[in-house]
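File shown here: model.cif, holding mmCIF, C-alpha atoms.
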```cif
data_data
loop_
_atom_site.label_atom_id
_atom_site.label_comp_id
_atom_site.auth_asym_id
_atom_site.auth_seq_id
_atom_site.Cartn_x
_atom_site.Cartn_y
_atom_site.Cartn_z
CA MET A 13 96.41 112.94 3.40
CA THR A 14 94.06 109.99 3.50
CA PRO A 15 94.34 107.56 6.40
CA GLN A 16 95.56 104.88 3.99
CA ILE A 17 98.53 106.90 2.85
CA ALA A 18 99.34 107.73 6.48
CA ILE A 19 99.25 104.01 7.36
CA PHE A 20 101.40 103.24 4.32
CA LEU A 21 104.01 105.83 5.31
CA VAL A 22 104.20 104.56 8.90
CA LEU A 23 104.58 100.92 7.80
CA ALA A 24 107.07 101.82 5.05
CA ALA A 25 109.18 103.81 7.53
CA LEU A 26 109.07 100.83 9.91
CA ALA A 27 110.16 98.42 7.15
CA VAL A 28 113.04 100.62 5.95
CA ALA A 29 114.16 101.28 9.55
CA GLY A 30 114.16 97.51 10.18
CA ALA A 31 116.19 96.85 7.03
CA VAL A 32 118.76 99.53 7.94
CA SER A 33 118.92 98.13 11.45
CA LEU A 34 119.56 94.66 9.96
CA ILE A 35 122.67 96.08 8.28
CA LEU A 36 123.93 98.12 11.23
CA GLN A 37 123.46 95.59 14.05
CA ARG A 38 126.58 93.62 14.94
CA HIS A 39 124.94 90.73 16.73
CA PRO A 40 123.04 88.22 14.55
CA ILE A 41 120.16 87.90 17.02
CA HIS A 42 119.56 91.68 16.78
CA SER A 43 119.62 91.40 12.99
CA ALA A 44 117.05 88.61 13.17
CA LEU A 45 114.74 90.71 15.35
CA SER A 46 115.12 93.63 12.90
CA LEU A 47 114.11 91.31 10.06
CA ILE A 48 111.01 90.26 12.01
CA VAL A 49 110.06 93.96 12.25
CA VAL A 50 110.40 94.25 8.45
CA MET A 51 108.23 91.16 7.92
CA VAL A 52 105.46 92.33 10.25
CA ALA A 53 105.45 95.75 8.57
CA LEU A 54 105.18 94.05 5.17
CA ALA A 55 102.27 91.95 6.46
CA GLY A 56 100.55 95.22 7.37
CA LEU A 57 101.18 96.51 3.84
CA TYR A 58 99.64 93.33 2.38
CA LEU A 59 96.55 93.93 4.53
CA LEU A 60 96.43 97.50 3.24
CA GLN A 61 96.40 96.13 -0.30
CA GLY A 62 93.55 93.72 0.46
CA ALA A 63 95.73 90.59 0.34
CA ASP A 64 94.47 89.09 3.59
CA PHE A 65 95.62 85.52 2.94
CA ILE A 66 99.14 86.55 1.97
CA ALA A 67 99.36 88.73 5.10
CA ALA A 68 98.40 85.77 7.30
CA VAL A 69 100.89 83.47 5.52
CA GLN A 70 103.57 86.13 5.88
CA ILE A 71 103.09 86.24 9.66
CA ILE A 72 102.70 82.48 10.16
CA VAL A 73 105.36 81.13 7.77
CA TYR A 74 107.89 83.94 7.53
CA ALA A 75 107.79 85.69 10.90
CA GLY A 76 106.78 82.47 12.64
CA ALA A 77 108.45 79.43 11.13
CA ILE A 78 111.41 80.73 9.12
CA MET A 79 112.59 83.33 11.62
CA VAL A 80 112.22 80.88 14.51
CA LEU A 81 114.51 78.55 12.51
CA PHE A 82 117.05 81.36 12.15
CA VAL A 83 116.89 82.31 15.85
CA PHE A 84 117.13 78.62 16.78
CA VAL A 85 120.29 78.13 14.72
CA ILE A 86 121.83 81.37 16.06
CA MET A 87 121.31 80.10 19.59
CA LEU A 88 122.36 76.54 18.76
CA LEU A 89 125.66 77.70 17.28
CA ASN A 90 126.07 80.34 19.97
CA ALA A 91 126.84 82.93 17.31
CA GLY A 92 128.57 85.89 18.89
CA GLU A 93 129.21 89.39 17.67
CA GLU A 94 130.29 89.75 14.09
CA GLU A 95 133.99 90.35 13.65
CA ARG A 96 134.71 93.83 12.42
CA THR A 97 136.51 93.86 9.13
CA ASN A 98 137.71 97.25 8.03
CA LEU A 99 136.44 98.31 4.67
CA SER A 100 139.11 99.10 2.15
CA ARG A 101 139.51 102.81 1.37
CA MET A 102 138.14 102.25 -2.10
CA ALA A 103 134.96 100.64 -0.74
CA GLN A 104 134.55 103.33 1.91
CA TYR A 105 134.91 106.42 -0.25
CA VAL A 106 133.72 105.17 -3.64
CA GLY A 107 131.60 102.08 -3.06
CA VAL A 108 129.29 103.39 -0.35
CA PRO A 109 128.40 106.71 -2.10
CA LEU A 110 127.93 104.91 -5.41
CA GLY A 111 125.66 102.39 -3.70
CA VAL A 112 123.54 105.17 -2.19
CA VAL A 113 123.32 106.96 -5.57
CA PHE A 114 122.31 103.70 -7.27
CA LEU A 115 119.62 103.01 -4.64
CA VAL A 116 118.12 106.51 -4.98
CA GLU A 117 118.21 106.36 -8.75
CA VAL A 118 116.51 102.96 -8.95
CA ALA A 119 113.80 104.12 -6.54
CA TYR A 120 113.30 107.34 -8.53
CA TRP A 121 113.00 105.65 -11.91
CA VAL A 122 110.79 102.84 -10.64
CA GLY A 123 108.48 105.45 -9.12
CA ARG A 124 108.50 107.56 -12.27
CA ALA A 125 108.02 104.71 -14.72
CA THR A 126 105.03 103.29 -12.82
CA SER A 127 103.36 106.52 -11.70
CA HIS A 128 100.66 106.14 -14.36
CA MET A 129 99.55 102.87 -12.73
CA SER A 130 98.09 104.73 -9.76
CA GLN A 131 95.01 105.51 -11.82
CA SER A 132 93.96 101.91 -12.37
CA THR A 133 91.08 100.67 -10.29
CA PRO A 134 92.33 98.58 -7.36
CA GLN A 135 90.40 95.61 -6.14
CA SER A 136 90.74 93.24 -3.25
CA VAL A 137 91.33 89.53 -3.81
CA SER A 138 89.31 87.24 -1.61
CA THR A 139 90.85 84.13 -0.08
CA HIS A 140 88.07 82.09 -1.68
CA ASP A 141 88.96 83.20 -5.21
CA LEU A 142 92.65 82.75 -4.48
CA SER A 143 92.20 79.18 -3.22
CA THR A 144 90.03 78.31 -6.22
CA LEU A 145 92.78 79.52 -8.55
CA LEU A 146 95.46 77.74 -6.51
CA PHE A 147 93.71 74.36 -6.46
CA ARG A 148 92.44 74.40 -10.06
CA GLU A 149 94.95 76.05 -12.39
CA TYR A 150 97.99 75.81 -10.14
CA VAL A 151 97.34 72.46 -8.48
CA PHE A 152 100.32 70.78 -10.21
CA PRO A 153 102.88 73.38 -9.04
CA PHE A 154 101.22 73.24 -5.63
CA GLU A 155 101.79 69.48 -5.42
CA LEU A 156 105.35 69.96 -6.66
CA THR A 157 106.05 72.30 -3.73
CA SER A 158 105.15 69.49 -1.34
CA PHE A 159 107.84 67.35 -3.00
CA LEU A 160 110.23 70.29 -2.75
CA ILE A 161 109.58 70.61 0.99
CA LEU A 162 110.02 66.85 1.45
CA ILE A 163 113.35 66.88 -0.41
CA ALA A 164 114.46 69.94 1.59
CA ILE A 165 113.68 68.15 4.87
CA LEU A 166 115.60 65.04 3.78
CA GLY A 167 118.50 67.14 2.53
CA ALA A 168 118.66 69.10 5.76
CA LEU A 169 118.64 65.88 7.80
CA VAL A 170 121.39 64.27 5.70
CA LEU A 171 123.53 67.43 5.79
CA ALA A 172 123.22 68.06 9.51
CA ARG A 173 123.77 64.43 10.53
CA ARG A 174 127.02 63.71 12.32
CA GLU A 175 129.44 61.66 10.25
CA ASP A 176 130.58 59.42 13.10
CA SER A 177 127.06 58.15 13.79
CA GLU A 178 127.07 55.99 10.69
CA MET B 6 84.91 90.94 -1.94
CA GLU B 7 86.16 93.26 0.77
CA GLY B 8 89.51 93.04 2.49
CA VAL B 9 89.94 93.22 6.25
CA LEU B 10 90.75 96.93 6.21
CA ASP B 11 87.65 97.68 4.13
CA VAL B 12 85.52 95.97 6.74
CA VAL B 13 86.98 97.94 9.64
CA GLY B 14 86.36 101.13 7.70
CA VAL B 15 89.87 102.32 6.89
CA GLU B 16 89.11 102.46 3.19
CA SER B 17 86.62 105.18 2.40
CA PRO B 18 84.42 104.08 -0.52
CA GLY B 19 85.69 105.67 -3.71
CA GLY B 20 88.45 107.41 -1.81
CA VAL B 21 92.04 107.83 -2.92
CA VAL B 22 94.08 104.70 -2.34
CA VAL B 23 97.84 104.44 -2.05
CA PRO B 24 99.37 104.66 -5.56
CA THR B 25 101.03 101.50 -6.82
CA SER B 26 104.26 103.36 -7.48
CA TYR B 27 104.68 103.98 -3.72
CA TYR B 28 104.74 100.23 -3.10
CA LEU B 29 107.16 99.66 -5.97
CA VAL B 30 109.54 102.34 -4.71
CA LEU B 31 109.45 100.78 -1.23
CA SER B 32 110.08 97.38 -2.82
CA ALA B 33 113.10 98.73 -4.75
CA VAL B 34 114.52 100.36 -1.61
CA LEU B 35 114.10 97.18 0.46
CA PHE B 36 115.70 95.08 -2.29
CA GLY B 37 118.63 97.50 -2.48
CA LEU B 38 119.09 97.36 1.28
CA GLY B 39 119.01 93.56 1.03
CA VAL B 40 121.79 93.63 -1.58
CA VAL B 41 123.83 96.00 0.63
CA ALA B 42 123.36 93.68 3.62
CA PHE B 43 124.33 90.67 1.48
CA VAL B 44 127.60 92.35 0.48
CA PHE B 45 128.49 93.95 3.81
CA LYS B 46 127.58 91.33 6.41
CA ARG B 47 130.23 88.84 7.46
CA ASN B 48 128.16 86.38 9.45
CA ILE B 49 126.79 83.60 7.24
CA ILE B 50 123.45 83.58 9.10
CA THR B 51 123.01 87.31 8.49
CA VAL B 52 123.84 86.77 4.81
CA PHE B 53 120.95 84.28 4.66
CA MET B 54 118.71 86.82 6.36
CA SER B 55 119.54 89.44 3.72
CA ILE B 56 118.45 86.95 1.04
CA GLU B 57 115.13 86.63 2.88
CA LEU B 58 114.89 90.44 2.90
CA MET B 59 115.32 90.53 -0.89
CA LEU B 60 112.66 87.84 -1.36
CA ASN B 61 110.28 89.87 0.80
CA ALA B 62 110.89 92.98 -1.31
CA VAL B 63 110.05 91.03 -4.47
CA ASN B 64 106.90 89.67 -2.80
CA LEU B 65 105.77 93.23 -2.08
CA ALA B 66 106.16 94.13 -5.77
CA PHE B 67 104.19 91.01 -6.75
CA VAL B 68 101.29 91.93 -4.46
CA ALA B 69 101.33 95.56 -5.62
CA PHE B 70 101.14 94.54 -9.30
CA SER B 71 98.50 91.93 -8.48
CA ARG B 72 96.31 94.61 -6.94
CA ALA B 73 96.95 97.24 -9.61
CA LEU B 74 96.21 94.87 -12.49
CA GLY B 75 93.32 93.13 -10.75
CA GLN B 76 94.87 89.69 -11.28
CA MET B 77 95.32 87.00 -8.64
CA GLN B 78 98.29 85.22 -10.23
CA GLY B 79 100.65 87.60 -8.45
CA GLN B 80 99.43 86.41 -5.06
CA VAL B 81 99.72 82.75 -6.10
CA PHE B 82 103.33 83.49 -7.03
CA VAL B 83 103.95 85.10 -3.63
CA PHE B 84 102.64 81.92 -2.03
CA PHE B 85 105.10 79.79 -4.02
CA VAL B 86 107.95 82.18 -3.27
CA ILE B 87 107.25 81.83 0.47
CA VAL B 88 107.23 78.02 0.18
CA VAL B 89 110.53 77.99 -1.71
CA ALA B 90 112.01 80.43 0.83
CA ALA B 91 111.05 78.04 3.62
CA ALA B 92 112.80 75.13 1.85
CA GLU B 93 115.83 77.31 1.14
CA ALA B 94 116.05 78.39 4.78
CA ALA B 95 115.92 74.76 5.98
CA VAL B 96 118.72 73.61 3.65
CA GLY B 97 120.72 76.80 4.25
CA MET B 98 120.62 76.39 8.00
CA ALA B 99 121.74 72.74 7.66
CA ILE B 100 124.71 73.89 5.55
CA THR B 101 125.46 76.59 8.16
CA ILE B 102 125.53 73.98 10.91
CA VAL B 103 127.92 71.77 8.89
CA ILE B 104 130.23 74.74 8.18
CA ALA B 105 130.21 75.77 11.84
CA ARG B 106 131.00 72.19 12.90
CA ASN B 107 133.80 71.64 10.39
CA ARG B 108 135.46 75.05 10.57
CA GLY B 109 134.48 76.46 13.94
CA THR B 110 133.59 79.84 12.45
CA LEU B 111 130.60 81.59 10.92
CA ASN B 112 132.65 84.27 9.21
CA VAL B 113 132.25 83.99 5.44
CA GLU B 114 135.74 85.39 4.91
CA ARG B 115 137.25 82.39 6.70
CA VAL B 116 135.43 79.95 4.41
CA ASP B 117 137.83 80.30 1.50
CA THR B 118 139.02 76.82 0.54
CA LEU B 119 138.38 77.44 -3.13
CA LYS B 120 140.73 80.44 -3.01
CA HIS B 121 143.82 78.38 -2.16
#
```
Represent the structure of the file as structure tokens.
Amino acid sequence: MTPQIAIFLVLAALAVAGAVSLILQRHPIHSALSLIVVMVALAGLYLLQGADFIAAVQIIVYAGAIMVLFVFVIMLLNAGEEERTNLSRMAQYVGVPLGVVFLVEVAYWVGRATSHMSQSTPQSVSTHDLSTLLFREYVFPFELTSFLILIAILGALVLARREDSE
Amino acid sequence: MEGVLDVVGVESPGGVVVPTSYYLVLSAVLFGLGVVAFVFKRNIITVFMSIELMLNAVNLAFVAFSRALGQMQGQVFVFFVIVVAAAEAAVGMAITIVIARNRGTLNVERVDTLKH
């Protein structure tokens, strides 16, 4: 086993464990911390694939900004433990096994259908090439995203404003 | 151009790299877990988090294809997906705050005005 495959397996196990923990945890703050584990593991996988810039953005924007927003709102709203709702019998004995079977089958077929791609020559993408592409060919979508962010900020402010302050 | 891990010597020159299908299987599993979390979780904030998990799984597939095919467009797309996810999280959290203020609950089963 090459060191790369060993690193991949460790990070993949960490990501899947974090995702399962996200489902099983009852308290939202624990779920948020589990999701941060998944995101850091994915950043490691991006590094393993030579996508340095995306790995850095993943840590800074996702694990940094977005998850801080989630944790902030959880604490602001003082979200407590999730109420337990009992699954119906149908969901418990039919839905859960079918879901597991579906998950395994999708993973199996995706792996089988793309196994021939492992032979293609991989190559790293430098941040320089990526930024050239982003600011030449994709400069219009890039500018559009700044409008999107601006509209999102305004929308969030209008939504969260108290009605009686008008 | 070498990646960070090439520089620190993890990648042996000409050695076997991780097959693309491994990444795609992991991506499919993470997406499936995100769907399961979306269906099972009751707290509206956790439902938003499972959407983020699904977006992350798709990003992983984008990067894996980008590397396998030697094209950079996949990584540009991942960048845009992250930006849109940030906007979505901001608006989603504002909606969550409004729901919590108006209804006093974060349970999605209690937000059922359209049912009645």
>> Which residues, named as in the file, does the PyMOL selection byres ((chain B and resi 112-119) around 8) pick out? Answer as a count of residues only.
In response: 10
> Given the choices A:Ile78, A:Val108, A:Ser143, A:Phe65, which gets closest to Ala92 of chain B if the distance is worked out from all atoms listed in the file?
Replying inline: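 The shortest atom-to-atom distance to Ala92 of chain B comes from A:Ile78.
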Where does the PyMOL selection byres ((chain B and resi 96-100) around 7) land in this file, that is, which residues does it pick, as a PDB file with C-alpha atoms, in the coordinates of the input?
```
ATOM      1  CA  VAL A  85     120.290  78.130  14.720  1.00  0.00           C
ATOM      2  CA  ALA A 164     114.460  69.940   1.590  1.00  0.00           C
ATOM      3  CA  GLY A 167     118.500  67.140   2.530  1.00  0.00           C
ATOM      4  CA  ALA A 168     118.660  69.100   5.760  1.00  0.00           C
ATOM      5  CA  LEU A 171     123.530  67.430   5.790  1.00  0.00           C
ATOM      6  CA  ALA A 172     123.220  68.060   9.510  1.00  0.00           C
TER       7      ALA A 172
ATOM      8  CA  ALA B  92     112.800  75.130   1.850  1.00  0.00           C
ATOM      9  CA  GLU B  93     115.830  77.310   1.140  1.00  0.00           C
ATOM     10  CA  ALA B  94     116.050  78.390   4.780  1.00  0.00           C
ATOM     11  CA  ALA B  95     115.920  74.760   5.980  1.00  0.00           C
ATOM     12  CA  THR B 101     125.460  76.590   8.160  1.00  0.00           C
ATOM     13  CA  ILE B 102     125.530  73.980  10.910  1.00  0.00           C
ATOM     14  CA  VAL B 103     127.920  71.770   8.890  1.00  0.00           C
ATOM     15  CA  ILE B 104     130.230  74.740   8.180  1.00  0.00           C
TER      16      ILE B 104
END
```
>> Using the chain letters and numbers from this file, what does the PyMOL selection byres ((chain B) within 7 of (chain A)) select? Give the answer as JSON, numbers by chain.
In response: {"B": [6, 7, 8, 9, 10, 15, 16, 22, 23, 24, 25, 26, 27, 29, 30, 31, 33, 34, 35, 37, 38, 42, 47, 48, 51, 72, 73, 75, 77, 81, 91, 92, 94, 95, 96, 98, 99, 100, 102, 103]}
> What gap, in Å, lies between atom CA of Glu57 of chain B and atom CA of Leu156 of chain A?
Replying inline: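 Atom CA of Glu57 of chain B sits 21.6 Å away from atom CA of Leu156 of chain A.
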> What separation in Å, quoted to one decimal, exists between atom CA of Phe84 of chain B and atom CA of Leu58 of chain B?
Replying inline: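 Atom CA of Leu58 of chain B lies at a distance of 15.7 Å from atom CA of Phe84 of chain B.
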> How many Å lie between atom CA of Val63 of chain B and atom CA of Val88 of chain B, rounded to one decimal?
Replying inline: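 One can read the atom CA of Val63 of chain B to atom CA of Val88 of chain B distance as 14.1 Å.
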> Can you list, as a count of residues only, every protein, DNA or RNA residue that comes within 9 Å of Val83 of chain B when you count all atoms listed in the file, leaving out same-chain residues fewer than 2 positions away?
Replying inline: 14
